[in-house]
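Structure data follow from data.csv (CSV, C-alpha atoms):
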chain,number,residue,atom,x,y,z
Q,1,MET,CA,43.9,3.4,-4.0
Q,2,ASN,CA,40.5,4.3,-2.6
Q,3,ILE,CA,39.0,7.8,-3.0
Q,4,ARG,CA,36.1,8.4,-0.7
Q,5,PRO,CA,34.2,11.2,0.9
Q,6,TYR,CA,35.8,12.9,3.9
Q,7,ALA,CA,34.6,11.7,7.3
Q,8,ALA,CA,34.8,13.5,10.6
Q,9,THR,CA,37.2,10.8,11.8
Q,10,ASP,CA,39.6,11.9,9.0
Q,11,ARG,CA,40.1,15.3,10.6
Q,12,ASP,CA,43.4,14.8,12.5
Q,13,ALA,CA,45.0,12.8,9.6
Q,14,VAL,CA,43.9,15.5,7.1
Q,15,VAL,CA,45.2,18.4,9.2
Q,16,ALA,CA,48.5,16.5,9.7
Q,17,LEU,CA,48.9,15.8,6.0
Q,18,VAL,CA,48.2,19.4,5.0
Q,19,ALA,CA,50.5,20.8,7.6
Q,20,SER,CA,53.2,18.4,6.5
Q,21,VAL,CA,52.9,19.5,2.9
Q,22,LEU,CA,52.8,23.1,3.8
Q,23,ARG,CA,55.9,22.8,5.9
Q,24,GLU,CA,57.7,21.0,3.1
Q,25,TYR,CA,57.1,24.0,0.9
Q,26,GLY,CA,58.1,26.6,3.5
Q,27,PHE,CA,54.6,27.6,4.7
Q,28,GLU,CA,53.2,27.9,8.2
Q,29,ALA,CA,50.2,25.6,8.8
Q,30,ASN,CA,47.9,28.6,9.3
Q,31,VAL,CA,48.7,30.4,6.1
Q,32,GLY,CA,45.7,31.7,4.3
Q,33,GLY,CA,43.2,30.4,6.7
Q,34,VAL,CA,43.9,26.7,6.1
Q,35,GLU,CA,43.5,25.7,9.8
Q,36,ARG,CA,40.1,27.6,9.9
Q,37,ASP,CA,39.0,25.9,6.7
Q,38,LEU,CA,39.8,22.4,7.9
Q,39,ALA,CA,38.3,23.0,11.3
Q,40,ASP,CA,34.8,22.4,9.9
Q,41,VAL,CA,35.0,20.6,6.6
Q,42,ALA,CA,31.3,19.9,6.6
Q,43,ALA,CA,30.4,23.6,6.8
Q,44,GLY,CA,32.8,24.6,4.1
Q,45,TYR,CA,32.3,21.7,1.7
Q,46,GLY,CA,28.8,20.5,2.4
Q,47,GLY,CA,25.8,20.5,0.0
Q,48,THR,CA,25.0,18.9,-3.3
Q,49,ARG,CA,27.4,21.1,-5.3
Q,50,ALA,CA,30.4,20.7,-3.0
Q,51,GLY,CA,32.5,17.9,-1.6
Q,52,PHE,CA,35.7,17.0,0.1
Q,53,TRP,CA,37.4,13.6,-0.6
Q,54,VAL,CA,40.4,11.7,0.7
Q,55,ALA,CA,42.6,9.1,-1.0
Q,56,ASP,CA,43.7,6.1,1.0
Q,57,VAL,CA,46.6,4.0,-0.2
Q,58,ASP,CA,47.4,0.8,1.6
Q,59,GLY,CA,45.2,1.9,4.5
Q,60,ALA,CA,46.9,5.3,5.0
Q,61,LEU,CA,45.7,8.8,4.1
Q,62,ALA,CA,47.6,9.7,0.9
Q,63,GLY,CA,45.9,12.9,-0.3
Q,64,THR,CA,42.9,15.2,-0.3
Q,65,VAL,CA,40.9,17.3,-2.8
Q,66,ALA,CA,37.8,19.4,-2.6
Q,67,ILE,CA,35.3,21.3,-4.7
Q,68,ARG,CA,33.0,24.2,-3.6
Q,69,PRO,CA,30.9,26.7,-5.4
Q,70,LYS,CA,32.6,30.0,-6.3
Q,71,ALA,CA,30.1,31.7,-8.6
Q,72,ASP,CA,26.9,30.8,-10.5
Q,73,ALA,CA,28.5,28.4,-12.9
Q,74,THR,CA,32.1,28.2,-11.5
Q,75,CYS,CA,33.4,26.0,-8.8
Q,76,GLU,CA,36.7,26.2,-6.9
Q,77,LEU,CA,39.2,23.4,-6.7
Q,78,LYS,CA,40.6,23.3,-3.1
Q,79,ARG,CA,42.9,21.4,-0.9
Q,80,LEU,CA,44.6,19.2,-3.4
Q,81,TYR,CA,47.4,17.8,-1.3
Q,82,VAL,CA,49.4,14.6,-1.7
Q,83,ALA,CA,51.7,13.1,1.0
Q,84,ALA,CA,55.3,13.1,0.0
Q,85,SER,CA,55.4,9.3,0.4
Q,86,ALA,CA,52.5,8.9,-2.1
Q,87,ARG,CA,53.8,11.2,-4.9
Q,88,GLY,CA,54.6,9.6,-8.2
Q,89,ARG,CA,52.0,7.0,-7.8
Q,90,GLY,CA,49.1,8.7,-9.6
Q,91,VAL,CA,47.4,9.9,-6.4
Q,92,GLY,CA,47.3,13.6,-7.5
Q,93,ARG,CA,46.0,12.7,-10.9
Q,94,ALA,CA,43.3,10.4,-9.5
Q,95,LEU,CA,42.2,13.0,-7.0
Q,96,TYR,CA,42.0,15.7,-9.6
Q,97,ALA,CA,40.1,13.5,-12.0
Q,98,HIS,CA,37.6,12.6,-9.3
Q,99,ALA,CA,37.1,16.3,-8.5
Q,100,GLU,CA,36.6,17.3,-12.2
Q,101,SER,CA,34.2,14.4,-12.7
Q,102,PHE,CA,32.2,15.7,-9.7
Q,103,ALA,CA,32.2,19.3,-11.0
Q,104,ARG,CA,31.0,18.2,-14.4
Q,105,ALA,CA,28.2,16.1,-12.9
Q,106,ALA,CA,27.2,19.0,-10.7
Q,107,GLY,CA,26.8,21.2,-13.8
Q,108,TYR,CA,29.6,23.6,-13.4
Q,109,GLU,CA,30.9,25.3,-16.5
Q,110,ARG,CA,34.3,26.3,-15.1
Q,111,ILE,CA,36.8,25.3,-12.5
Q,112,TRP,CA,38.8,28.0,-10.8
Q,113,LEU,CA,41.8,27.5,-8.5
Q,114,ASP,CA,44.6,29.3,-7.0
Q,115,SER,CA,47.9,27.5,-6.2
Q,116,SER,CA,51.2,28.6,-4.9
Q,117,ARG,CA,54.0,29.0,-7.4
Q,118,ARG,CA,56.0,26.9,-4.9
Q,119,PHE,CA,53.8,23.9,-5.8
Q,120,VAL,CA,55.6,23.2,-9.1
Q,121,GLU,CA,54.3,19.6,-9.4
Q,122,ALA,CA,50.7,20.9,-9.0
Q,123,ARG,CA,51.2,23.5,-11.6
Q,124,ARG,CA,52.3,20.8,-14.1
Q,125,LEU,CA,49.2,18.8,-13.2
Q,126,TYR,CA,46.9,21.7,-13.8
Q,127,GLU,CA,48.5,22.7,-17.1
Q,128,ARG,CA,48.4,19.0,-18.3
Q,129,ASN,CA,44.7,19.0,-17.5
Q,130,GLY,CA,43.8,22.1,-19.6
Q,131,PHE,CA,44.0,24.9,-17.0
Q,132,THR,CA,45.0,28.4,-18.2
Q,133,LEU,CA,47.0,30.8,-16.1
Q,134,VAL,CA,44.7,33.8,-15.4
Q,135,GLU,CA,46.8,35.9,-13.0
Q,136,GLU,CA,49.9,35.9,-10.8
Q,137,LEU,CA,49.2,37.3,-7.3
Q,138,ASP,CA,51.6,38.8,-4.8
Q,139,ASN,CA,50.2,37.4,-1.6
Q,140,ASP,CA,51.2,35.2,1.3
Q,141,TRP,CA,50.9,32.1,-0.9
Q,142,CYS,CA,52.6,33.5,-4.0
Q,143,ASP,CA,49.5,32.3,-5.9
Q,144,ASN,CA,48.9,31.7,-9.5
Q,145,VAL,CA,45.2,31.7,-10.5
Q,146,TYR,CA,44.0,29.2,-13.1
Q,147,GLU,CA,40.7,28.5,-14.8
Q,148,LYS,CA,39.4,25.7,-17.0
Q,149,THR,CA,36.3,25.6,-19.0
Q,150,LEU,CA,34.2,22.5,-18.6
Q,151,LEU,CA,31.1,23.3,-20.5
Q,152,THR,CA,30.0,26.0,-22.9
Q,153,ARG,CA,26.5,27.3,-23.0
Q,154,ASN,CA,24.6,27.0,-26.2
Q,155,PRO,CA,23.6,30.3,-27.7
Q,156,THR,CA,19.9,31.0,-27.6
Can the structure in the file be given as structure tokens, please?
Amino acid sequence: MNIRPYAATDRDAVVALVASVLREYGFEANVGGVERDLADVAAGYGGTRAGFWVADVDGALAGTVAIRPKADATCELKRLYVAASARGRGVGRALYAHAESFARAAGYERIWLDSSRRFVEARRLYERNGFTLVEELDNDWCDNVYEKTLLTRNPT
């Protein structure tokens, strides 16, 4: 498995992967602004404190993950999708670990995310990695909101 930064040439494969996963879980490809978000990855995930990565397995796109700033010391985990054919092979775990490592290196104190309750496997991944359920939303995604503390500030 190779995890690498997203390149513009990945766009069509990323859009197809995300749309496939969304359909698998009963969502339309345009739910929650996904299409708009993926239309310009460089704009949404550029800068020194953000990133978008893809995982290749045997030369094929197997998954995606992204980090972007949310608030001063909090980043948002986004776009963690794994192709059905790549599940059970550690792709999701590796993508998440890569994103968390980036967040720590960038100096974030917390990771925040929202994930549909339909994504049962993702929920297990987040909980195994120390995320705490903060809120259950009644929206188009049927989202759960999670947060994980990475760093604590020293009292002064």
### Task
Please identify all polymer residues within 10 Å of stretch 45-59 of chain Q, counting all atoms listed in the file, omitting same-chain residues fewer than 4 positions from it, and present them as a ChimeraX atom specification.
/Q:1-7,10,14,37-38,40-41,63-69,75-82,86,89,91-92,94-95,98-99,102-103,105-108
### Task
Compile the contact shell of stretch 22-29 of chain Q as a PyMOL selection string: residues with an atom at most 8 Å away, counting all atoms listed in the file, same-chain residues fewer than 3 positions apart removed.
chain Q and resi 18-19+34-35+118-119
### Task
Step by step: start from the point (48.1, 17.1, -17.3) in the file's coordinates, keep every protein, DNA or RNA residue that has an atom no farther than 12 Å from it, count all atoms listed in the file, and write the set as a PyMOL selection string.
chain Q and resi 90+92-94+96-97+121-132
Return as CSV the residues of stretch 23-131 of chain Q lying at most 6 Å from stretch 143-146 of chain Q, together with the closest atom-to-atom pair for each and the distance in Å to one decimal, counting all atoms listed in the file, with rows in chain order and ascending residue number.
residue,atom,partner,partner_atom,distance
Q:Trp112,CA,Q:Tyr146,CA,5.8
Q:Leu113,CA,Q:Tyr146,CA,5.4
Q:Asp114,CA,Q:Val145,CA,4.3
Q:Ser115,CA,Q:Asp143,CA,5.1
Q:Ser116,CA,Q:Asp143,CA,4.2
Q:Arg117,CA,Q:Asp143,CA,5.8
Q:Phe131,CA,Q:Tyr146,CA,5.8
Can I get the selected residues back with C-alpha atoms, as a short mmCIF file (atom, residue, chain, number, x, y, z; two decimals), in the coordinates of the input?
data_model
loop_
_atom_site.label_atom_id
_atom_site.label_comp_id
_atom_site.auth_asym_id
_atom_site.auth_seq_id
_atom_site.Cartn_x
_atom_site.Cartn_y
_atom_site.Cartn_z
CA TRP Q 112 38.80 28.00 -10.80
CA LEU Q 113 41.80 27.50 -8.50
CA ASP Q 114 44.60 29.30 -7.00
CA SER Q 115 47.90 27.50 -6.20
CA SER Q 116 51.20 28.60 -4.90
CA ARG Q 117 54.00 29.00 -7.40
CA PHE Q 131 44.00 24.90 -17.00
#
### Q:Ala8, Q:Ala16, Q:Ile111, Q:Leu133 ranked by distance to Q:Ala42, top pick (using all atoms listed in the file)
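Closest to Q:Ala42, using all atoms listed in the file: Q:Ala8.
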#### Entry: Pairwise distance for atom CA of Q:Gly32 and atom CA of Q:Cys142, rounded to one decimal in Å
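That distance, rounded to one decimal, is 10.9 Å.
Remark: for Q:Thr149, the closest of the candidate residues Q:Gly88, Q:Glu135, Q:Thr74, Q:Val120 is Q:Thr74 (distances computed over all atoms listed in the file).
Between atom CA of Q:Val21 and atom CA of Q:Arg36 the interatomic distance comes to 16.7 Å.
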### Query
Distance atom CA of Q:Asn139-atom CA of Q:Glu100, one decimal place?
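So the answer is 26.5 Å.
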What would stretch 27-55 of chain Q look like if you wrote it out as a PDB file, in the first residue's frame, with N, CA and C atoms included, from the block I just posted?
ATOM      1  N   PHE Q  27     -26.704   6.659  -0.187  1.00  0.00           N
ATOM      2  CA  PHE Q  27     -26.661   8.109  -0.369  1.00  0.00           C
ATOM      3  C   PHE Q  27     -26.538   8.470  -1.843  1.00  0.00           C
ATOM      4  N   GLU Q  28     -26.999   9.659  -2.182  1.00  0.00           N
ATOM      5  CA  GLU Q  28     -26.756  10.233  -3.508  1.00  0.00           C
ATOM      6  C   GLU Q  28     -25.337  10.809  -3.512  1.00  0.00           C
ATOM      7  N   ALA Q  29     -24.723  10.865  -4.680  1.00  0.00           N
ATOM      8  CA  ALA Q  29     -23.346  11.350  -4.790  1.00  0.00           C
ATOM      9  C   ALA Q  29     -23.202  12.813  -4.392  1.00  0.00           C
ATOM     10  N   ASN Q  30     -24.280  13.590  -4.448  1.00  0.00           N
ATOM     11  CA  ASN Q  30     -24.185  15.016  -4.141  1.00  0.00           C
ATOM     12  C   ASN Q  30     -24.630  15.355  -2.718  1.00  0.00           C
ATOM     13  N   VAL Q  31     -24.825  14.359  -1.871  1.00  0.00           N
ATOM     14  CA  VAL Q  31     -25.271  14.623  -0.504  1.00  0.00           C
ATOM     15  C   VAL Q  31     -24.248  15.495   0.225  1.00  0.00           C
ATOM     16  N   GLY Q  32     -24.736  16.460   0.950  1.00  0.00           N
ATOM     17  CA  GLY Q  32     -23.888  17.275   1.806  1.00  0.00           C
ATOM     18  C   GLY Q  32     -22.777  18.033   1.122  1.00  0.00           C
ATOM     19  N   GLY Q  33     -22.882  18.282  -0.168  1.00  0.00           N
ATOM     20  CA  GLY Q  33     -21.859  19.063  -0.862  1.00  0.00           C
ATOM     21  C   GLY Q  33     -20.601  18.294  -1.235  1.00  0.00           C
ATOM     22  N   VAL Q  34     -20.659  16.969  -1.261  1.00  0.00           N
ATOM     23  CA  VAL Q  34     -19.480  16.161  -1.586  1.00  0.00           C
ATOM     24  C   VAL Q  34     -18.942  16.503  -2.966  1.00  0.00           C
ATOM     25  N   GLU Q  35     -19.817  16.565  -3.965  1.00  0.00           N
ATOM     26  CA  GLU Q  35     -19.354  16.867  -5.328  1.00  0.00           C
ATOM     27  C   GLU Q  35     -18.647  18.220  -5.382  1.00  0.00           C
ATOM     28  N   ARG Q  36     -19.225  19.206  -4.726  1.00  0.00           N
ATOM     29  CA  ARG Q  36     -18.634  20.546  -4.693  1.00  0.00           C
ATOM     30  C   ARG Q  36     -17.269  20.510  -4.007  1.00  0.00           C
ATOM     31  N   ASP Q  37     -17.178  19.772  -2.915  1.00  0.00           N
ATOM     32  CA  ASP Q  37     -15.929  19.655  -2.170  1.00  0.00           C
ATOM     33  C   ASP Q  37     -14.838  19.002  -3.012  1.00  0.00           C
ATOM     34  N   LEU Q  38     -15.187  17.963  -3.749  1.00  0.00           N
ATOM     35  CA  LEU Q  38     -14.193  17.244  -4.550  1.00  0.00           C
ATOM     36  C   LEU Q  38     -13.879  17.938  -5.870  1.00  0.00           C
ATOM     37  N   ALA Q  39     -14.664  18.925  -6.248  1.00  0.00           N
ATOM     38  CA  ALA Q  39     -14.420  19.635  -7.509  1.00  0.00           C
ATOM     39  C   ALA Q  39     -13.117  20.421  -7.474  1.00  0.00           C
ATOM     40  N   ASP Q  40     -12.702  20.868  -6.288  1.00  0.00           N
ATOM     41  CA  ASP Q  40     -11.460  21.636  -6.175  1.00  0.00           C
ATOM     42  C   ASP Q  40     -10.761  21.264  -4.871  1.00  0.00           C
ATOM     43  N   VAL Q  41     -10.139  20.110  -4.870  1.00  0.00           N
ATOM     44  CA  VAL Q  41      -9.457  19.611  -3.682  1.00  0.00           C
ATOM     45  C   VAL Q  41      -8.346  20.559  -3.245  1.00  0.00           C
ATOM     46  N   ALA Q  42      -7.624  21.117  -4.186  1.00  0.00           N
ATOM     47  CA  ALA Q  42      -6.523  22.026  -3.844  1.00  0.00           C
ATOM     48  C   ALA Q  42      -7.018  23.224  -3.048  1.00  0.00           C
ATOM     49  N   ALA Q  43      -8.169  23.757  -3.395  1.00  0.00           N
ATOM     50  CA  ALA Q  43      -8.706  24.919  -2.675  1.00  0.00           C
ATOM     51  C   ALA Q  43      -9.193  24.528  -1.284  1.00  0.00           C
ATOM     52  N   GLY Q  44      -9.836  23.402  -1.157  1.00  0.00           N
ATOM     53  CA  GLY Q  44     -10.402  22.993   0.127  1.00  0.00           C
ATOM     54  C   GLY Q  44      -9.412  22.369   1.086  1.00  0.00           C
ATOM     55  N   TYR Q  45      -8.312  21.832   0.551  1.00  0.00           N
ATOM     56  CA  TYR Q  45      -7.378  21.093   1.390  1.00  0.00           C
ATOM     57  C   TYR Q  45      -5.933  21.522   1.156  1.00  0.00           C
ATOM     58  N   GLY Q  46      -5.747  22.747   0.699  1.00  0.00           N
ATOM     59  CA  GLY Q  46      -4.397  23.257   0.475  1.00  0.00           C
ATOM     60  C   GLY Q  46      -3.866  23.950   1.709  1.00  0.00           C
ATOM     61  N   GLY Q  47      -2.607  24.304   1.681  1.00  0.00           N
ATOM     62  CA  GLY Q  47      -1.981  25.001   2.800  1.00  0.00           C
ATOM     63  C   GLY Q  47      -1.158  24.061   3.652  1.00  0.00           C
ATOM     64  N   THR Q  48      -0.435  24.632   4.591  1.00  0.00           N
ATOM     65  CA  THR Q  48       0.486  23.840   5.403  1.00  0.00           C
ATOM     66  C   THR Q  48      -0.208  23.036   6.496  1.00  0.00           C
ATOM     67  N   ARG Q  49      -1.438  23.400   6.843  1.00  0.00           N
ATOM     68  CA  ARG Q  49      -2.136  22.692   7.927  1.00  0.00           C
ATOM     69  C   ARG Q  49      -3.317  21.880   7.406  1.00  0.00           C
ATOM     70  N   ALA Q  50      -3.281  21.541   6.134  1.00  0.00           N
ATOM     71  CA  ALA Q  50      -4.340  20.735   5.524  1.00  0.00           C
ATOM     72  C   ALA Q  50      -3.705  19.788   4.519  1.00  0.00           C
ATOM     73  N   GLY Q  51      -4.431  18.744   4.190  1.00  0.00           N
ATOM     74  CA  GLY Q  51      -3.936  17.813   3.187  1.00  0.00           C
ATOM     75  C   GLY Q  51      -5.018  16.835   2.775  1.00  0.00           C
ATOM     76  N   PHE Q  52      -4.814  16.261   1.619  1.00  0.00           N
ATOM     77  CA  PHE Q  52      -5.721  15.244   1.083  1.00  0.00           C
ATOM     78  C   PHE Q  52      -4.821  14.149   0.524  1.00  0.00           C
ATOM     79  N   TRP Q  53      -5.043  12.912   0.953  1.00  0.00           N
ATOM     80  CA  TRP Q  53      -4.190  11.804   0.553  1.00  0.00           C
ATOM     81  C   TRP Q  53      -5.020  10.678  -0.041  1.00  0.00           C
ATOM     82  N   VAL Q  54      -4.358   9.893  -0.877  1.00  0.00           N
ATOM     83  CA  VAL Q  54      -4.982   8.713  -1.464  1.00  0.00           C
ATOM     84  C   VAL Q  54      -4.109   7.505  -1.159  1.00  0.00           C
ATOM     85  N   ALA Q  55      -4.742   6.360  -1.075  1.00  0.00           N
ATOM     86  CA  ALA Q  55      -4.025   5.100  -0.890  1.00  0.00           C
ATOM     87  C   ALA Q  55      -4.156   4.296  -2.171  1.00  0.00           C
TER      88      ALA Q  55
END
